[in-house]
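See below for the structure under consideration.
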Amino acid sequence: WLKKKQLGRFMRERLPRDLQQRLRSFGRVGEELGAQVYLVGGMVRDLLLRQDNFDVDLVVEGDGIAFAREIAAREGCRLRTHQKFGTAVLIFADGFKVDVASARMEYYQQPAALPTVEYASIKLDLFRRDFTINTLAIALNEGSFGELLDFFGGQRDLKDRAVRVLHNLSFVEDPTRVYRAVRFEQRLGFRMGRPTEHLLRSAVRQGFIERVGGNRLFRELELILREPDPWPAIQRMADLDLLKYIHPNLKVDARMPGLVAETRRVVHWYQLLYLHQPCEPWLVFLLSLTARLDDDSMLGMCRRLKVAPRFLDLLCEQRRAAKKVLAGLRRRVRRGTEPKASDLYRMLRPLDSEMLLFLMALGDDSIRQWVGHYLSSLQQVRCELNGHDLERLGLPPGPLFREILDTLLAGRLNGRLHSRDDELALVRKRFLRCRSEPGATVD
Ligand code: CTP
């Protein structure tokens, strides 16, 4: 464990070289502008835990926006500023992103006589934060580069593997911290300190979570479900009575551990196979978590949490459609009949990959195999002829085209058509008998 407060060497060993150079250059610019610059937050916490995290959050004792402007001018970065909050985001040409915040200006009104006052504003900035493990900061200015600031026992709590708040009103001031506490506990394998858990339970009992805006709550839930294995956090939320704020009917029942474990398995399978395809695993976990809610409750949950329209379709409309698909597939399992490839395609095509993965998690082995077959091969099947080809064959554009192309695709899916010539032969036989015009060719 690191005892020294000088982390320069440790940073040299742990951080990529180009990142170290950037951090040093931030410190140099800060020095030139007469402002202290600190690396803060998750990156410092994870550095000390020897975990890779290169999300750079800076706090500047002074005008953070002026500092960010100077960096942007020197390095040719894109810059977004939020005057109201004194914050900025720098985006370097290689995509590297840095968040910059100003330690609040009012903190400067403190008496400036004592040397420690240099740190007073960063100290107050850090005091506003959620947990002690997130209050560590590393000085970046030349001369003090690598110096660790630990005002609130952050190192001790990292060592004790404890999530602790800084003061008694922390969860009352910002009840979303309740969910953050669960997330950090489970992600880092830490445990809340006893007084912290007591404060959390008391804030929950007093109903403070009801004051959190739906979209903020949904965001916290998303972050929890984005963890590689959200199950321990789901259990912990149940233990702390937090699930009811997502929806009053939401409970961890006997089937949920199995469903979440199966979800993890299918998501993992998909990620190994289809890295290039867009898929949001957290949505699959959300579907599993809410699997037992009826349609009205699901809609109620989406309304309460102000779920964005882009997720509404998946969580409500597609979910309704998927239930019917699942019932149809289960009937086939019971009867012992395999669906034809073209039927499988027709049923599954309207569903996003998240919903298909959810179906795999819910279904038995046959259903998993069928949906897996759709995802891994049927979904990619195309016929070769297109509308232009049909026009060139002399067919009149209109609804007939759809019918022909669907027939061709079904032929491909069911393994009856293998080539462009097969497709042409079928079109000629089925659709062109009375229409063949001289000279109409498809090449
Ligand atoms: N923070 C807080 N209260 C909140 C949200 C954030 O005090 N409700 C503080 C935390 O101290 C945190 C910092 O703001 O360190 C940045 O927030 P965020 O990026 O969400 O946290 P990280 O610690 O960087 O966590 P992660 O590793 O998940 O990005």
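How things are named: the first chain in the structure tokens is A, the next is B, and so on; residues count from 1 in each chain; ligands count from 1 in the order shown.
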For this session: List every residue of segment 287-359 of chain A that DSSP, applied to the backbone of this structure, places in alpha helix (DSSP H), and write the result as a PyMOL selection string.
Result: chain A and resi 287-289+295-304+309-312+319-335+341-348+353-359
Write out, as a short mmCIF file (atom, residue, chain, number, x, y, z; two decimals), in the first residue's frame, the residues just selected, with N, CA and C atoms.
```cif
data_model
loop_
_atom_site.label_atom_id
_atom_site.label_comp_id
_atom_site.auth_asym_id
_atom_site.auth_seq_id
_atom_site.Cartn_x
_atom_site.Cartn_y
_atom_site.Cartn_z
N LEU A 287 -34.46 -5.28 -19.16
CA LEU A 287 -35.60 -6.13 -19.53
C LEU A 287 -35.72 -7.32 -18.59
N SER A 288 -34.60 -7.88 -18.18
CA SER A 288 -34.64 -9.03 -17.26
C SER A 288 -35.12 -8.60 -15.88
N LEU A 289 -34.59 -7.46 -15.43
CA LEU A 289 -34.98 -6.97 -14.10
C LEU A 289 -36.48 -6.73 -14.02
N ASP A 295 -47.69 -5.11 -18.59
CA ASP A 295 -47.49 -4.03 -19.56
C ASP A 295 -47.81 -2.65 -18.98
N ASP A 296 -48.88 -2.57 -18.20
CA ASP A 296 -49.25 -1.28 -17.62
C ASP A 296 -48.19 -0.78 -16.65
N SER A 297 -47.68 -1.70 -15.83
CA SER A 297 -46.65 -1.30 -14.86
C SER A 297 -45.40 -0.83 -15.60
N MET A 298 -45.08 -1.53 -16.69
CA MET A 298 -43.88 -1.16 -17.45
C MET A 298 -44.03 0.25 -18.01
N LEU A 299 -45.21 0.51 -18.54
CA LEU A 299 -45.46 1.84 -19.08
C LEU A 299 -45.39 2.87 -17.96
N GLY A 300 -45.98 2.52 -16.81
CA GLY A 300 -45.94 3.41 -15.65
C GLY A 300 -44.50 3.69 -15.25
N MET A 301 -43.68 2.66 -15.23
CA MET A 301 -42.27 2.84 -14.87
C MET A 301 -41.57 3.79 -15.86
N CYS A 302 -41.82 3.56 -17.15
CA CYS A 302 -41.17 4.40 -18.16
C CYS A 302 -41.60 5.85 -18.01
N ARG A 303 -42.86 6.07 -17.68
CA ARG A 303 -43.34 7.44 -17.49
C ARG A 303 -42.69 8.07 -16.28
N ARG A 304 -42.71 7.34 -15.18
CA ARG A 304 -42.15 7.87 -13.93
C ARG A 304 -40.66 8.19 -14.12
N PRO A 309 -37.63 8.54 -25.58
CA PRO A 309 -38.42 7.86 -26.61
C PRO A 309 -37.65 6.73 -27.30
N ARG A 310 -36.33 6.88 -27.45
CA ARG A 310 -35.59 5.84 -28.16
C ARG A 310 -35.59 4.51 -27.41
N PHE A 311 -35.83 4.54 -26.10
CA PHE A 311 -35.90 3.28 -25.35
C PHE A 311 -37.34 2.79 -25.19
N LEU A 312 -38.28 3.75 -25.31
CA LEU A 312 -39.70 3.40 -25.08
C LEU A 312 -40.18 2.31 -26.01
N ARG A 319 -41.61 -5.11 -26.42
CA ARG A 319 -41.75 -6.09 -25.34
C ARG A 319 -43.10 -6.82 -25.47
N ARG A 320 -44.12 -6.04 -25.83
CA ARG A 320 -45.44 -6.67 -26.05
C ARG A 320 -45.37 -7.66 -27.21
N ALA A 321 -44.75 -7.20 -28.32
CA ALA A 321 -44.65 -8.08 -29.50
C ALA A 321 -43.83 -9.33 -29.17
N ALA A 322 -42.76 -9.14 -28.40
CA ALA A 322 -41.87 -10.25 -28.09
C ALA A 322 -42.57 -11.32 -27.26
N LYS A 323 -43.50 -10.89 -26.41
CA LYS A 323 -44.24 -11.88 -25.60
C LYS A 323 -45.01 -12.82 -26.50
N LYS A 324 -45.62 -12.24 -27.57
CA LYS A 324 -46.38 -13.08 -28.50
C LYS A 324 -45.44 -14.02 -29.23
N VAL A 325 -44.30 -13.47 -29.66
CA VAL A 325 -43.32 -14.32 -30.36
C VAL A 325 -42.90 -15.47 -29.45
N LEU A 326 -42.62 -15.13 -28.20
CA LEU A 326 -42.16 -16.17 -27.26
C LEU A 326 -43.24 -17.23 -27.08
N ALA A 327 -44.51 -16.78 -26.97
CA ALA A 327 -45.60 -17.75 -26.81
C ALA A 327 -45.66 -18.66 -28.04
N GLY A 328 -45.50 -18.07 -29.23
CA GLY A 328 -45.53 -18.86 -30.47
C GLY A 328 -44.39 -19.88 -30.50
N LEU A 329 -43.21 -19.43 -30.11
CA LEU A 329 -42.06 -20.35 -30.12
C LEU A 329 -42.24 -21.47 -29.09
N ARG A 330 -42.82 -21.09 -27.93
CA ARG A 330 -43.03 -22.11 -26.89
C ARG A 330 -44.03 -23.16 -27.35
N ARG A 331 -45.05 -22.69 -28.10
CA ARG A 331 -46.02 -23.67 -28.63
C ARG A 331 -45.31 -24.68 -29.53
N ARG A 332 -44.41 -24.16 -30.34
CA ARG A 332 -43.67 -25.07 -31.24
C ARG A 332 -42.82 -26.05 -30.45
N VAL A 333 -42.20 -25.54 -29.37
CA VAL A 333 -41.38 -26.44 -28.54
C VAL A 333 -42.27 -27.56 -27.99
N ARG A 334 -43.44 -27.17 -27.50
CA ARG A 334 -44.35 -28.19 -26.92
C ARG A 334 -44.76 -29.22 -27.96
N ARG A 335 -45.04 -28.70 -29.20
CA ARG A 335 -45.47 -29.62 -30.26
C ARG A 335 -44.30 -30.40 -30.85
N ALA A 341 -37.27 -21.51 -41.42
CA ALA A 341 -36.37 -20.37 -41.29
C ALA A 341 -37.06 -19.06 -41.67
N SER A 342 -37.90 -19.12 -42.72
CA SER A 342 -38.56 -17.87 -43.15
C SER A 342 -39.58 -17.41 -42.10
N ASP A 343 -40.20 -18.35 -41.38
CA ASP A 343 -41.14 -17.95 -40.32
C ASP A 343 -40.39 -17.31 -39.15
N LEU A 344 -39.27 -17.94 -38.82
CA LEU A 344 -38.44 -17.40 -37.74
C LEU A 344 -38.01 -15.97 -38.07
N TYR A 345 -37.60 -15.80 -39.32
CA TYR A 345 -37.15 -14.49 -39.79
C TYR A 345 -38.28 -13.47 -39.66
N ARG A 346 -39.46 -13.84 -40.10
CA ARG A 346 -40.59 -12.91 -40.07
C ARG A 346 -40.94 -12.52 -38.62
N MET A 347 -40.87 -13.49 -37.71
CA MET A 347 -41.22 -13.20 -36.32
C MET A 347 -40.17 -12.31 -35.64
N LEU A 348 -38.89 -12.59 -35.93
CA LEU A 348 -37.82 -11.95 -35.15
C LEU A 348 -37.33 -10.65 -35.76
N SER A 353 -31.70 -6.16 -31.34
CA SER A 353 -30.85 -7.22 -30.80
C SER A 353 -31.03 -7.37 -29.28
N GLU A 354 -31.29 -6.25 -28.57
CA GLU A 354 -31.48 -6.35 -27.11
C GLU A 354 -32.67 -7.25 -26.78
N MET A 355 -33.75 -7.08 -27.57
CA MET A 355 -34.94 -7.89 -27.30
C MET A 355 -34.68 -9.35 -27.66
N LEU A 356 -33.92 -9.57 -28.73
CA LEU A 356 -33.63 -10.95 -29.12
C LEU A 356 -32.80 -11.64 -28.03
N LEU A 357 -31.87 -10.89 -27.46
CA LEU A 357 -31.05 -11.48 -26.39
C LEU A 357 -31.92 -11.77 -25.16
N PHE A 358 -32.86 -10.89 -24.91
CA PHE A 358 -33.77 -11.11 -23.79
C PHE A 358 -34.61 -12.39 -24.03
N LEU A 359 -35.05 -12.57 -25.28
CA LEU A 359 -35.79 -13.80 -25.60
C LEU A 359 -34.92 -15.03 -25.37
#
```
For this session: Step by step, measure atom-to-atom distances between ligand 1 and each residue using only C-alpha atoms and all ligand atoms, keep those at most 9 Å, then write them as an MDAnalysis selection string.
Result: chainID A and resid 40:46 53 55:57 126:136 170 174:178 180 183:184 223
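Among A:Gly27, A:Pro281, A:Pro350, A:Gly193, the residue with the shortest atom-to-atom distance to Gly146 of chain A, counting only C-alpha atoms, is A:Gly27.
Among A:Leu199, A:Gly154, A:Leu393, A:Leu221, the residue with the shortest atom-to-atom distance to His167 of chain A, counting only C-alpha atoms, is A:Leu199.
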Exercise. Which of these, A:Val172, A:Met192, A:Val59, A:Ala238, has the shortest distance to Ile209 of chain A once you count only C-alpha atoms?
Worked result: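 Answer, going by the shortest atom-to-atom distance: A:Val172.
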Exercise. What is the distance, in Å and to one decimal place, between atom CA of Leu49 of chain A and atom CA of Pro228 of chain A?
Worked result: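 Taking atom CA of Leu49 of chain A and atom CA of Pro228 of chain A, their separation equals 18.2 Å.
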For this session: Name the closest residue to Leu250 of chain A among the candidates A:Arg292, A:Leu408, A:Leu79, A:Arg236; distances are taken between atoms, counting only C-alpha atoms.
Result: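 The shortest atom-to-atom distance to Leu250 of chain A comes from A:Arg292.
Between atom CA of Arg22 of chain A and atom CA of Lys5 of chain A the separation is 21.2 Å.
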For this session: Using DSSP on the backbone, list every residue of segment 46-130 of chain A that comes out as strand (DSSP E), and give them as a list in words.
Result: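 Output for segment 46-130 of chain A, strand (DSSP E) only: Val56, Asp57, Leu58, Val59, Val60, Glu61, Arg78, Leu79, Arg80, Thr81, His82, Thr87, Ala88, Val89, Leu90, Ile91, Lys97, Val98, Asp99, Val100, Ala101 and Ser102 of chain A.
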For this session: Can you pull out every residue within 7 Å of Phe190 of chain A, counting only C-alpha atoms, but drop anything in the same chain fewer than 5 positions away, and send it as a ChimeraX atom specification?
Result: /A:161-163,185
List the spatial neighbours of Pro230 of chain A as a PDB file with N, CA, C and O atoms, in the first residue's frame - criterion: any atom at most 9 Å away, only C-alpha atoms, same-chain residues fewer than 2 positions off excluded.
```pdb
ATOM      1  N   ARG A 183     -23.517   1.119  -6.275  1.00  0.00           N
ATOM      2  CA  ARG A 183     -22.692   0.831  -7.460  1.00  0.00           C
ATOM      3  C   ARG A 183     -21.214   0.723  -7.079  1.00  0.00           C
ATOM      4  O   ARG A 183     -20.520  -0.224  -7.484  1.00  0.00           O
ATOM      5  N   GLN A 186     -20.420  -2.499  -5.062  1.00  0.00           N
ATOM      6  CA  GLN A 186     -20.383  -3.745  -5.826  1.00  0.00           C
ATOM      7  C   GLN A 186     -19.261  -3.743  -6.848  1.00  0.00           C
ATOM      8  O   GLN A 186     -18.596  -4.743  -7.040  1.00  0.00           O
ATOM      9  N   ARG A 187     -19.046  -2.598  -7.501  1.00  0.00           N
ATOM     10  CA  ARG A 187     -18.010  -2.571  -8.520  1.00  0.00           C
ATOM     11  C   ARG A 187     -16.624  -2.799  -7.928  1.00  0.00           C
ATOM     12  O   ARG A 187     -15.798  -3.533  -8.472  1.00  0.00           O
ATOM     13  N   ILE A 224     -25.805   1.374 -13.015  1.00  0.00           N
ATOM     14  CA  ILE A 224     -25.709   0.104 -12.274  1.00  0.00           C
ATOM     15  C   ILE A 224     -25.782  -1.068 -13.249  1.00  0.00           C
ATOM     16  O   ILE A 224     -25.002  -2.017 -13.175  1.00  0.00           O
ATOM     17  N   LEU A 225     -26.699  -0.966 -14.206  1.00  0.00           N
ATOM     18  CA  LEU A 225     -26.878  -2.085 -15.138  1.00  0.00           C
ATOM     19  C   LEU A 225     -25.758  -2.147 -16.171  1.00  0.00           C
ATOM     20  O   LEU A 225     -25.625  -3.138 -16.882  1.00  0.00           O
ATOM     21  N   ARG A 226     -24.959  -1.113 -16.253  1.00  0.00           N
ATOM     22  CA  ARG A 226     -23.799  -1.138 -17.155  1.00  0.00           C
ATOM     23  C   ARG A 226     -22.599  -1.856 -16.546  1.00  0.00           C
ATOM     24  O   ARG A 226     -21.606  -2.090 -17.218  1.00  0.00           O
ATOM     25  N   GLU A 227     -22.667  -2.134 -15.268  1.00  0.00           N
ATOM     26  CA  GLU A 227     -21.562  -2.884 -14.657  1.00  0.00           C
ATOM     27  C   GLU A 227     -21.531  -4.275 -15.292  1.00  0.00           C
ATOM     28  O   GLU A 227     -22.581  -4.817 -15.650  1.00  0.00           O
ATOM     29  N   PRO A 228     -20.342  -4.873 -15.427  1.00  0.00           N
ATOM     30  CA  PRO A 228     -20.257  -6.163 -16.128  1.00  0.00           C
ATOM     31  C   PRO A 228     -21.188  -7.221 -15.527  1.00  0.00           C
ATOM     32  O   PRO A 228     -21.783  -7.998 -16.240  1.00  0.00           O
ATOM     33  N   PRO A 232     -25.059  -8.526  -8.206  1.00  0.00           N
ATOM     34  CA  PRO A 232     -24.870  -8.179  -6.793  1.00  0.00           C
ATOM     35  C   PRO A 232     -25.488  -6.826  -6.445  1.00  0.00           C
ATOM     36  O   PRO A 232     -26.062  -6.668  -5.362  1.00  0.00           O
ATOM     37  N   ALA A 233     -25.422  -5.870  -7.375  1.00  0.00           N
ATOM     38  CA  ALA A 233     -26.003  -4.548  -7.093  1.00  0.00           C
ATOM     39  C   ALA A 233     -27.530  -4.631  -7.058  1.00  0.00           C
ATOM     40  O   ALA A 233     -28.178  -3.945  -6.267  1.00  0.00           O
ATOM     41  N   ILE A 234     -28.109  -5.488  -7.905  1.00  0.00           N
ATOM     42  CA  ILE A 234     -29.574  -5.647  -7.888  1.00  0.00           C
ATOM     43  C   ILE A 234     -29.996  -6.224  -6.532  1.00  0.00           C
ATOM     44  O   ILE A 234     -30.936  -5.744  -5.889  1.00  0.00           O
ATOM     45  N   GLN A 235     -29.251  -7.219  -6.083  1.00  0.00           N
ATOM     46  CA  GLN A 235     -29.560  -7.828  -4.786  1.00  0.00           C
ATOM     47  C   GLN A 235     -29.440  -6.815  -3.656  1.00  0.00           C
ATOM     48  O   GLN A 235     -30.264  -6.749  -2.753  1.00  0.00           O
ATOM     49  N   VAL A 260     -31.094 -13.405 -14.615  1.00  0.00           N
ATOM     50  CA  VAL A 260     -29.993 -12.443 -14.773  1.00  0.00           C
ATOM     51  C   VAL A 260     -28.701 -13.188 -15.156  1.00  0.00           C
ATOM     52  O   VAL A 260     -27.939 -12.727 -16.012  1.00  0.00           O
ATOM     53  N   ARG A 264     -26.580 -12.615 -18.554  1.00  0.00           N
ATOM     54  CA  ARG A 264     -25.134 -12.359 -18.615  1.00  0.00           C
ATOM     55  C   ARG A 264     -24.469 -13.297 -19.622  1.00  0.00           C
ATOM     56  O   ARG A 264     -23.609 -12.908 -20.379  1.00  0.00           O
ATOM     57  N   TRP A 282     -26.933  -3.213 -21.151  1.00  0.00           N
ATOM     58  CA  TRP A 282     -27.658  -2.769 -19.960  1.00  0.00           C
ATOM     59  C   TRP A 282     -29.166  -2.804 -20.178  1.00  0.00           C
ATOM     60  O   TRP A 282     -29.926  -3.036 -19.240  1.00  0.00           O
ATOM     61  N   PHE A 285     -30.335  -6.255 -19.506  1.00  0.00           N
ATOM     62  CA  PHE A 285     -30.461  -6.458 -18.053  1.00  0.00           C
ATOM     63  C   PHE A 285     -31.702  -5.745 -17.515  1.00  0.00           C
ATOM     64  O   PHE A 285     -32.384  -6.261 -16.633  1.00  0.00           O
TER      65      PHE A 285
END
```
Problem set entry | Of the listed residues A:Asn141, A:Gln6, A:Ser102, A:Ser202, that which approaches Phe171 of chain A most closely, counting only C-alpha atoms |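 Ranked by minimum distance to Phe171 of chain A, first place goes to A:Ser202.
Taking atom CA of Gly258 of chain A and atom CA of Ser377 of chain A as endpoints, the distance between them is 27.3 Å.
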Problem set entry | From A:Asp63, A:Glu13, A:Asp150, A:Asp160, residue lying nearest Ala35 of chain A [only C-alpha atoms] |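 Of the candidates, the smallest distance to Ala35 of chain A is held by A:Asp63.
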